[in-house]
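Please read the structure below before turning to the comments.
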Amino acid sequence: MLSNRLTTVVLIAVAVGAMQIAQAPRTWAGQDQTGTAPDPMQIARGASAWAGNCGRCHNLRDPKEFSDKNWDVIVNHMRAIAPLPGEVARDVKAFLKATN
Amino acid sequence: MNVKRCRGLLTAALLASVASVALLPVPVSAATADQLQKRIEALEQKYGSMGQELLQLKRELLESQQKVESATKKAVAAQKKANQAEKRARQATKEATVEDNRAIKWHLAGFGTADYTHTNKGTPNDLFGASFNPIFLVSYKDLALFESELELTTASDGGTGLELEFANLNVMATDWLTFTAGKFLSPIGDFQQHLHPSWINKLPDRPAGFVDDGAIPLSDIGVMARGAFPVGETMSADYAVYVGNGPQIDSNAGVAMEGFGGDNNDNKAVGGRIGFRPLPYVNVGVSAMTAKVAGNAGTGGPTPTQSTLNVWDVDAAFTRGNWDIRGEYVRLRLDSLTSALASDELAQFIPGTTWHAWYAQAAYRLAGVTDHPILRNFEPVFRYSEVSVSGFSDFAAAEEQRWTAGLDYWFGPSLVAKAAFEHRDFNHDPNEDVVRVQLGFGF
């Protein structure tokens, strides 16, 4: 009985995931944003997302701790494990790179 | 007419005589000559000193010219160096830009720990320890990420423990969906996946039950879909669904929930977590996992029969300002099975058993009440955790109530010194008091 309920939960989760695939913005994260001028509004959104998401589990790291290249990789890691939406991850990167 | 001529001649003769008198040498006295001699000597002296001054001026002029030439040479050399530096800076900028634009980027992250434990039970009752957890990250654009963590620990026999905590490849399919394959930390609950690293965990140890051979799955090997997406303007949600090789029955009829590279019953574990953030500082999650679990043929002992394992987990966190309050409850149910409790024993019936483990933790950073440069870095922490077991009596040895009070000092966002006192109240064993000190550094 419990297993059936669990299976139902999992199936619902899978369905939610499938809906996200269908509804997700078509901006594939593989489109590297490096080299484009940072949008001030994106940096502002990134500052808010950085404070709101990173502090959920650990202390806020100083943007100056790492280079642009390192932040690219670290934020991708956090995007996968936290997890973070792709657009939020890009905003956070823009903020960190603008202030490091 | 003659008179006029005579008069003219007479005048001319008179003038000539006067002129001749005037042009005769005048006799000079001795005094006047002496004065003139002195004046001449003074003039000669003055002329001589003017000559020396002129020579001095010429020397100074020469020195000035030499200095100007030297300064000009230095200026030229400095300009040359500046040009070279500018060229190098341009080259470095170019290289940095190229580096930042590379498709493949990597970073070595991780954390290190040094700790000391004193307990009033066991021998020895004072222990030092250390661990090193390097995390290797490689990213391909924003499309794929490989991540791997090793855990190296000091062992009591003088050796070094080595474990692969996780190693997986992530493909970020869309902004809201990432596919993961390989060995990954279990997404069941919050502590294991997000909070256990020593620079994040606010106390030196894990809560009771949230450990190896405890009540929560630690890792699995398989595939997972996970991601996060916005809900309305201010809320967000996240999810994870996975299929893995799943846990196995260990040699003591308990459950081992670390990722196994094999599947001894051809039945995959299925699990996942759904998280929701109604407010930026509130996070709640519900997790579940189910699997058929089996034991392995031991060295001479009977093989355990297959059983069913179900895990439920609820977690919540409030992280606003200087407050960090969180908790998690996990319920693990293992249905009945037949197994020996040791390799040299006969198989026996193990009734269905349920483990309940939970913890509640509160921490407050003193920066909220003082600006003192040292005091503001302290963070008192309190945690209560508990494990209770119902079912098979042998498993009840794990029952415990644990109170932990600690004080952290943050040297930086990821560099912390922790000290904690812990009272462990066992239901079936003598109680234990433990002092723990730990240094944690995340990089």
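The chains in the structure tokens are called A, B, ... from first to last as shown; in each chain the residues are counted from 1, and the ligands are counted from 1 in the order shown.
The shell of residues at most 6 Å from Phe421 of chain B, with only C-alpha atoms counted and near chain neighbours (fewer than 4 positions) removed, consists of Thr404, Ala405, Val434 and Val435 of chain B.
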Find, counting only C-alpha atoms, the residue in B:Pro247, B:His372, B:Asp238, B:Ala167 that gets nearest to Val223 of chain B. B:Ala167
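We find atom CA of Asp68 of chain A and atom CA of Ala37 of chain A to be spaced 14.0 Å apart.
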Could you name the residues that touch segment 71-87 of chain A at 8 Å or less, counting only C-alpha atoms, but leaving out those on the same chain fewer than 5 positions away, as a ChimeraX atom specification? /A:29,66,92-93,96-97 /B:105-107,137-139,142,145,147,170,172,174-176,178,193-194,226-230,238
Keeping N, CA and C atoms for every residue in the selection just given, could you write it to a file as a short mmCIF file (atom, residue, chain, number, x, y, z; two decimals), in the first residue's frame?
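Saved result, part.cif, follows:
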```cif
data_model
loop_
_atom_site.label_atom_id
_atom_site.label_comp_id
_atom_site.auth_asym_id
_atom_site.auth_seq_id
_atom_site.Cartn_x
_atom_site.Cartn_y
_atom_site.Cartn_z
N ALA A 29 20.84 26.77 -21.60
CA ALA A 29 21.94 27.28 -20.78
C ALA A 29 23.27 27.13 -21.49
N PHE A 66 36.83 34.32 -5.79
CA PHE A 66 37.13 33.55 -6.99
C PHE A 66 37.10 34.43 -8.23
N VAL A 92 23.01 35.16 -11.03
CA VAL A 92 24.00 35.11 -9.93
C VAL A 92 25.41 35.25 -10.49
N LYS A 93 25.67 34.57 -11.61
CA LYS A 93 26.99 34.69 -12.23
C LYS A 93 27.28 36.14 -12.63
N LEU A 96 28.19 38.07 -9.52
CA LEU A 96 29.50 37.71 -8.95
C LEU A 96 30.64 38.23 -9.82
N LYS A 97 30.46 38.15 -11.14
CA LYS A 97 31.52 38.61 -12.04
C LYS A 97 31.63 40.13 -12.05
N LYS B 105 35.92 24.61 -18.62
CA LYS B 105 36.53 25.27 -17.47
C LYS B 105 36.48 24.30 -16.30
N TRP B 106 37.48 24.39 -15.42
CA TRP B 106 37.48 23.48 -14.28
C TRP B 106 37.85 24.24 -13.01
N HIS B 107 37.53 23.63 -11.90
CA HIS B 107 37.81 24.25 -10.61
C HIS B 107 37.96 23.14 -9.56
N LEU B 137 35.54 19.83 -10.25
CA LEU B 137 34.41 20.27 -11.07
C LEU B 137 34.92 20.64 -12.47
N VAL B 138 34.26 20.13 -13.48
CA VAL B 138 34.59 20.48 -14.86
C VAL B 138 33.30 20.82 -15.58
N SER B 139 33.31 21.98 -16.24
CA SER B 139 32.09 22.46 -16.87
C SER B 139 32.31 22.61 -18.37
N ASP B 142 27.64 26.14 -20.41
CA ASP B 142 26.64 26.01 -19.35
C ASP B 142 25.74 24.82 -19.67
N LEU B 145 28.16 19.44 -16.75
CA LEU B 145 29.05 19.57 -15.60
C LEU B 145 29.39 18.18 -15.09
N GLU B 147 31.12 16.39 -11.81
CA GLU B 147 31.52 16.70 -10.44
C GLU B 147 31.88 15.42 -9.71
N ASN B 170 26.35 15.80 -15.29
CA ASN B 170 25.07 16.52 -15.34
C ASN B 170 24.91 17.19 -16.70
N MET B 172 22.54 19.91 -18.43
CA MET B 172 21.52 20.91 -18.13
C MET B 172 20.65 21.09 -19.36
N THR B 174 17.39 22.00 -19.87
CA THR B 174 16.72 23.30 -19.98
C THR B 174 17.00 24.07 -18.69
N ASP B 175 16.48 25.28 -18.62
CA ASP B 175 16.71 26.08 -17.41
C ASP B 175 16.14 25.40 -16.17
N TRP B 176 15.14 24.53 -16.37
CA TRP B 176 14.45 23.95 -15.22
C TRP B 176 14.68 22.44 -15.08
N THR B 178 17.74 19.28 -15.16
CA THR B 178 19.09 18.76 -15.30
C THR B 178 19.05 17.24 -15.16
N GLN B 193 22.34 16.02 1.54
CA GLN B 193 22.71 16.58 0.25
C GLN B 193 23.33 17.97 0.36
N HIS B 194 22.84 18.78 1.31
CA HIS B 194 23.26 20.18 1.33
C HIS B 194 24.05 20.63 2.55
N ARG B 226 16.53 16.43 -12.06
CA ARG B 226 16.32 17.41 -11.00
C ARG B 226 16.35 18.81 -11.58
N GLY B 227 15.80 19.73 -10.81
CA GLY B 227 15.79 21.11 -11.29
C GLY B 227 14.98 21.99 -10.35
N ALA B 228 14.87 23.24 -10.72
CA ALA B 228 14.10 24.20 -9.93
C ALA B 228 13.41 25.14 -10.89
N PHE B 229 12.29 25.70 -10.44
CA PHE B 229 11.55 26.60 -11.31
C PHE B 229 10.79 27.62 -10.46
N PRO B 230 10.53 28.79 -11.00
CA PRO B 230 9.79 29.80 -10.24
C PRO B 230 8.32 29.45 -10.15
N ASP B 238 11.56 23.13 -6.20
CA ASP B 238 12.59 22.29 -6.80
C ASP B 238 12.19 20.83 -6.66
#
```
Atom CA of Gly246 of chain B and atom CA of Thr180 of chain B, how far apart in Å? 16.0 Å
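Among the candidate residues B:Thr154, B:Ser339, B:Ser186, B:Gln56, the one lying nearest to chain A is B:Ser186, with distances computed using only C-alpha atoms.
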Separation of atom CA of Ile188 of chain B from atom CA of Val311 of chain B, in Å and rounded to one decimal: 8.6 Å
List the spatial neighbours of Ala225 of chain B as a PyMOL selection string - criterion: any atom at most 10 Å away, only C-alpha atoms, same-chain residues fewer than 6 positions off excluded. (chain A and resi 13-14+17-18+80) or (chain B and resi 170-173+177-181+239-243+272)
Rows by chain and residue number, segment 34-93 of chain A within 9 Å of segment 406-417 of chain B, shortest pair, only C-alpha atoms, as CSV:
```
residue,atom,partner,partner_atom,distance
A:His58,CA,B:Pro413,CA,8.2
A:Asn59,CA,B:Pro413,CA,5.3
A:Leu60,CA,B:Pro413,CA,6.3
A:Arg61,CA,B:Pro413,CA,5.7
A:Asp62,CA,B:Pro413,CA,7.5
```
Selected residue, from B:Met257, B:Asp126, B:Ser343, B:Val98, that lies nearest to Asn296 of chain B when counting only C-alpha atoms: B:Ser343
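If you measure from each of B:Ser336, B:Thr290, B:Ser393, B:Gln361 to chain A using only C-alpha atoms, the closest one turns out to be B:Thr290.
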